[in-house]
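Quick notes on the structure that follows.
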Amino acid sequence: MRERRENRMKRTVKTAGAWALAAALALTAALAPAVPLQAAGNGSVQSSYRGGGHNMMILTDTQTVANVPKSLEETEVKWTTQVADDPSDWTNATTSPVEVDGTIYVLSNGRLKAFDAATGELIKAASDQNLINNYYNYYLMGGKVNGETMLFVQSQSIVAAYNSSLEQVWKTDSKDVAYGNDGYAPMYLSDGVIYGLTTSYSGSSAGAFAIDAANGVYLWQTEVPFTAVGQGSWAMGGGYSGMVAVGNYVICGSEGGTVYVFAKDSGAIVSQLDASADHMVNIRGAVAYADGNLWFTMTDGSIWRVAFSESDGSLGAASSAKITPTATNSTATPVIYNGRVYVGCTDTDASGSVQGAVAVLDASTLALIYEIPVAKQDNAWSNKCTDVAIAADTSTGTVYGYAAYYDKPGSVVAFSDQPGQTRAEFFDLRDLVPEHTSNYSNSQILLGTEGNLYYTNDSGYMVCVGKKAADVDKVEIISGAGSNITADGKHDAVFVSNAPYDTFLYVMVDGKILDQDCYTVQEGSTIVTLKADYLKGLSEGEHIIAIVSEGGVAEAQFQ
């Protein structure tokens with residue numbers, strides 16, 4: 001392999017070298033300095049609410065980050081597909097999409113369906129004998145059990161499991177449900193156990209449960225007390241709230257604004273916190289966990305941070321604030337990353353018109369840094385902006401975020417955020433939505449591992465948007481750009497080009513081709529490591545690296 005690369009280098013060094021030098025010298029835009037970030041999330045398996053760890057969809061894979069759409073000009077509709085049997089009938093409601101190992105799953109008309117992620121073509125649908133009992137009150141989750149793909153559906157008080165062939169593996173019986181008679185709140189899969197909630201539309205009873213994911217056997221059920229005064233129509237869940245697993249405990253919020261902590265093994269209530277003193281405000285988003293704190297929103301437009309002890313399940317100091325000064329509601333689950341909080345809400349503009357927003361908050365103070373407005377709404381639906389999904393560049397600290405919002409034509413707002421940024425930089429995909437799919441979207445965004453975005457809407461369609469093919473093929477640095485490097489002879493510097501490894505030719509710094517003993521190169525896509533001894537000889541200040549491959553030149557600045 002090395003010999004083959006050296007031969008290609010000799011053939012192309014004159015032409016490619018001159019081009020690379022000119023391009024490198026033209027690169028003057030300074031990128032954000034690198035900030036150490038925590039990696040989280042796994043887009044290939046939707047093992048919990050929104051697919052990521054602790055109920056937050058955060059992807060940090062370099063290839064995914066490189067391929068997510070970053071401007072309206074580079075974004076296109078990849079495909080649309082009809083999911084509902086009859087799109088004109090709103091009772092053919094569809095769930096938010098779920099991805100497991102590159103296949104997209106959606107539940108519609110009470111039937112589970114699998115779609116090809118690349119084309120949107122229907123792969124398989126569950127048989128008529130396996131229809132779920134309720135036409136629209138259901139929730140879908142996917143994951144791995146004993147290494148095998150499993151899909152789980154909750155509809156009213158029934159939970160059913162399917163394998164990757166969409167054959168029903170097991171189904172619980174409604175007579176076995178001890179508390180509540182309804183519920184379509186998000187479930188949570190942890191260590192082969194499903195945790196979830198049963199609710200009651202009348203507010204008469206509610207419960208939490210644990211089910212063995214392999215066989216559908218109830219491990220425990222716990223009645224959840226609640227204060228009837230001020231309750232909404234649901235005792236628990238409200239259609240959005242769901243469990244989160246942390247250590248030996250599972251946690252959820254409820255109607256009336258109470259947070260409950262249950263022991264994983266027994267279902268015993270270990271601790272609780274009444275976030276609403278008069279029980280007139282509800283928790284209708286799933287609870288998230290990050291950095292020793294639980295995070296959730298409430299239907300008065302507030303966000304809460306509550307200290308949580310993994311050792312004994314106790315709840316500690318609580319802080320809260322309005323998400324925006326004019327926030328009136330939120331059912332979204334906060335996403336916490338690198339000291340910032342990304343959360344959707346409903347608020348009003350200066351004229352008093354109802355609109356949605358994505359807010360960016362300081363995680364330590366809960367202070368609003370800035371907000372991203374979305375199109376004004378023509379109705380009073382409370383869930384104006386759904387949960388945010390983010391892709392994070394761990395080398396620069398740049399976050400790319402996406403959220404659907406409830407408005408025609410059923411669209412997505414996209415934004416970018418960097419450490420220290422104080423103003424919104426965003427674009428809206430509404431003009432890209434095909435007319436035949438135009439409708440309200442209350443879907444959670446699925447951020448696929450290949451960088452595409454998937455969502456469903458009330459038209460019964462699923463839409464996939466992503467980078468235009470030409471932009472995906474562009475050779476570029478996908479990790480390491482904008483790095484701050486300490487040239488002390490002890491620290492290497494790593495840069496990743498999205499070009500295939502077997503097309504690599506050579507490396508340039510400041511327009512000069514480096515000797516091969518100044519760096520190493522390895523697969524994945526093309527990973528170049530500048531050695532500490534070489535970096536020690538560079539002057540303080542800005543430098544340009546260019547990784548030259550057969551497909552082009554990937555270049556970036558570093559300090």
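By order of appearance in the structure tokens: chains A, B, ..., then residues from 1 within every chain, and ligands from 1 in the order shown.
Within stretch 336-554 of chain A, DSSP applied to the backbone places the following residues in helix (DSSP H, G or I): Arg430, Asp431, Leu432, Glu435, His436, Thr437, Ala469, Ala470, Asp471, Val472, Tyr501, Asp502, Thr503, Gln516, Asp517, Cys518, Ala532, Asp533, Tyr534, Leu535 and Lys536 of chain A.
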- Message: Let me make sure I understand: among A:Asn55, A:Ser302, A:Leu514, A:Thr328, which one has the smallest atom-to-atom distance to A:Cys252 if we use only C-alpha atoms?
- Response: A:Asn55
- Message: Could you check the closest approach to A:Leu112 for each of A:Met462, A:Ala161, A:Val77, A:Leu429 and tell me which residue wins, using only C-alpha atoms?
- Response: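 Of the candidates, the smallest distance to A:Leu112 is held by A:Ala161.
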- Closest of A:Val335, A:Glu310, A:Val343, A:Gly216 to A:Ile323, counting only C-alpha atoms, is A:Val343
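Nearest to A:Pro325 of all the residues A:Ala493, A:Cys345, A:Ala245, A:Leu59 is A:Cys345, counting only C-alpha atoms.
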- Would you mind listing what lies within 8 Å of A:Gly301 as a PyMOL selection string, with only C-alpha atoms counted and same-chain residues fewer than 2 positions away left out? chain A and resi 297-299+303+322-324+327-330+345-347
Expected file contents, prior selection, N, CA and C atoms, as an mmCIF file, in the first residue's frame:
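Listed below is the output, selection-v6.cif:
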data_model
loop_
_atom_site.group_PDB
_atom_site.id
_atom_site.type_symbol
_atom_site.label_atom_id
_atom_site.label_comp_id
_atom_site.auth_asym_id
_atom_site.auth_seq_id
_atom_site.Cartn_x
_atom_site.Cartn_y
_atom_site.Cartn_z
ATOM 1 N N THR A 297 -38.367 20.101 31.137
ATOM 2 C CA THR A 297 -39.150 21.319 30.924
ATOM 3 C C THR A 297 -40.549 21.125 31.474
ATOM 4 N N MET A 298 -41.279 22.240 31.597
ATOM 5 C CA MET A 298 -42.649 22.170 32.094
ATOM 6 C C MET A 298 -43.558 22.995 31.199
ATOM 7 N N THR A 299 -44.854 22.769 31.354
ATOM 8 C CA THR A 299 -45.822 23.391 30.456
ATOM 9 C C THR A 299 -46.098 24.856 30.780
ATOM 10 N N ILE A 303 -37.578 25.681 32.403
ATOM 11 C CA ILE A 303 -36.623 24.581 32.369
ATOM 12 C C ILE A 303 -36.082 24.379 33.772
ATOM 13 N N LYS A 322 -37.304 30.630 33.185
ATOM 14 C CA LYS A 322 -38.036 30.641 31.934
ATOM 15 C C LYS A 322 -37.064 30.339 30.800
ATOM 16 N N ILE A 323 -37.485 29.516 29.841
ATOM 17 C CA ILE A 323 -36.604 29.171 28.730
ATOM 18 C C ILE A 323 -36.271 30.417 27.925
ATOM 19 N N THR A 324 -37.279 31.207 27.609
ATOM 20 C CA THR A 324 -37.100 32.552 27.053
ATOM 21 C C THR A 324 -37.962 33.488 27.888
ATOM 22 N N ALA A 327 -41.534 32.683 27.051
ATOM 23 C CA ALA A 327 -41.908 31.276 26.871
ATOM 24 C C ALA A 327 -43.216 30.982 27.597
ATOM 25 N N THR A 328 -44.098 30.264 26.918
ATOM 26 C CA THR A 328 -45.391 29.923 27.499
ATOM 27 C C THR A 328 -45.599 28.425 27.664
ATOM 28 N N ASN A 329 -44.762 27.615 27.005
ATOM 29 C CA ASN A 329 -44.969 26.171 27.083
ATOM 30 C C ASN A 329 -43.732 25.463 26.551
ATOM 31 N N SER A 330 -43.529 24.237 26.998
ATOM 32 C CA SER A 330 -42.524 23.365 26.406
ATOM 33 C C SER A 330 -42.841 21.924 26.760
ATOM 34 N N CYS A 345 -39.262 25.333 22.542
ATOM 35 C CA CYS A 345 -40.347 25.847 23.372
ATOM 36 C C CYS A 345 -41.351 26.603 22.506
ATOM 37 N N THR A 346 -42.437 27.007 23.130
ATOM 38 C CA THR A 346 -43.403 27.925 22.543
ATOM 39 C C THR A 346 -43.217 29.271 23.213
ATOM 40 N N ASP A 347 -43.186 30.344 22.414
ATOM 41 C CA ASP A 347 -43.152 31.676 23.016
ATOM 42 C C ASP A 347 -43.930 32.639 22.135
#
- Message: When you count only C-alpha atoms, which of these residues is closest to A:Leu538: A:Val553, A:Ala178, A:Ala424, A:Val509?
- Response: A:Val509
- Item | Which residue of A:Asp473, A:Asp431, A:Asp362, A:Asp488 approaches A:Ala321 most closely, using only C-alpha atoms |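 Closest residue, counting only C-alpha atoms: A:Asp362.
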Find the residues near A:Tyr138: any atom within 7 Å, counting only C-alpha atoms, skip ones fewer than 3 places away on the same chain, and give them as a tab-separated table (two decimals) with C-alpha atoms, in the first residue's frame.
chain	number	residue	atom	x	y	z
A	153	VAL	CA	-44.45	-0.66	20.49
A	154	GLN	CA	-46.60	0.68	23.31
A	155	SER	CA	-50.25	1.26	22.43
A	156	GLN	CA	-52.65	2.10	25.23
A	184	TYR	CA	-48.09	6.19	24.64
- Task: Enumerate as a ChimeraX atom specification all residues of stretch 155-279 of chain A assigned to strand (DSSP E) by DSSP on the backbone, naming them with the chain letters and numbers the document uses.
- Result: /A:155,158-163,168-171,188-190,193-198,207-212,218-223,244-246,249-253,258-263,269-274
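For the pair atom CA of A:Asp502 and atom CA of A:Lys467, the interatomic distance is 24.1 Å.
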- Item | Close residues, stretch 207-210 of chain A itself excluded, 7 Å, only C-alpha atoms, min 2 positions apart in chain, as a list in words |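 The residues satisfying every condition are Tyr179, Gly180, Val193, Ile194, Tyr195, Gly196, Leu197, Thr198, Thr199, Asp212, Tyr218, Leu219, Trp220, Gln221, Thr222, Glu223 and Val224 of chain A.
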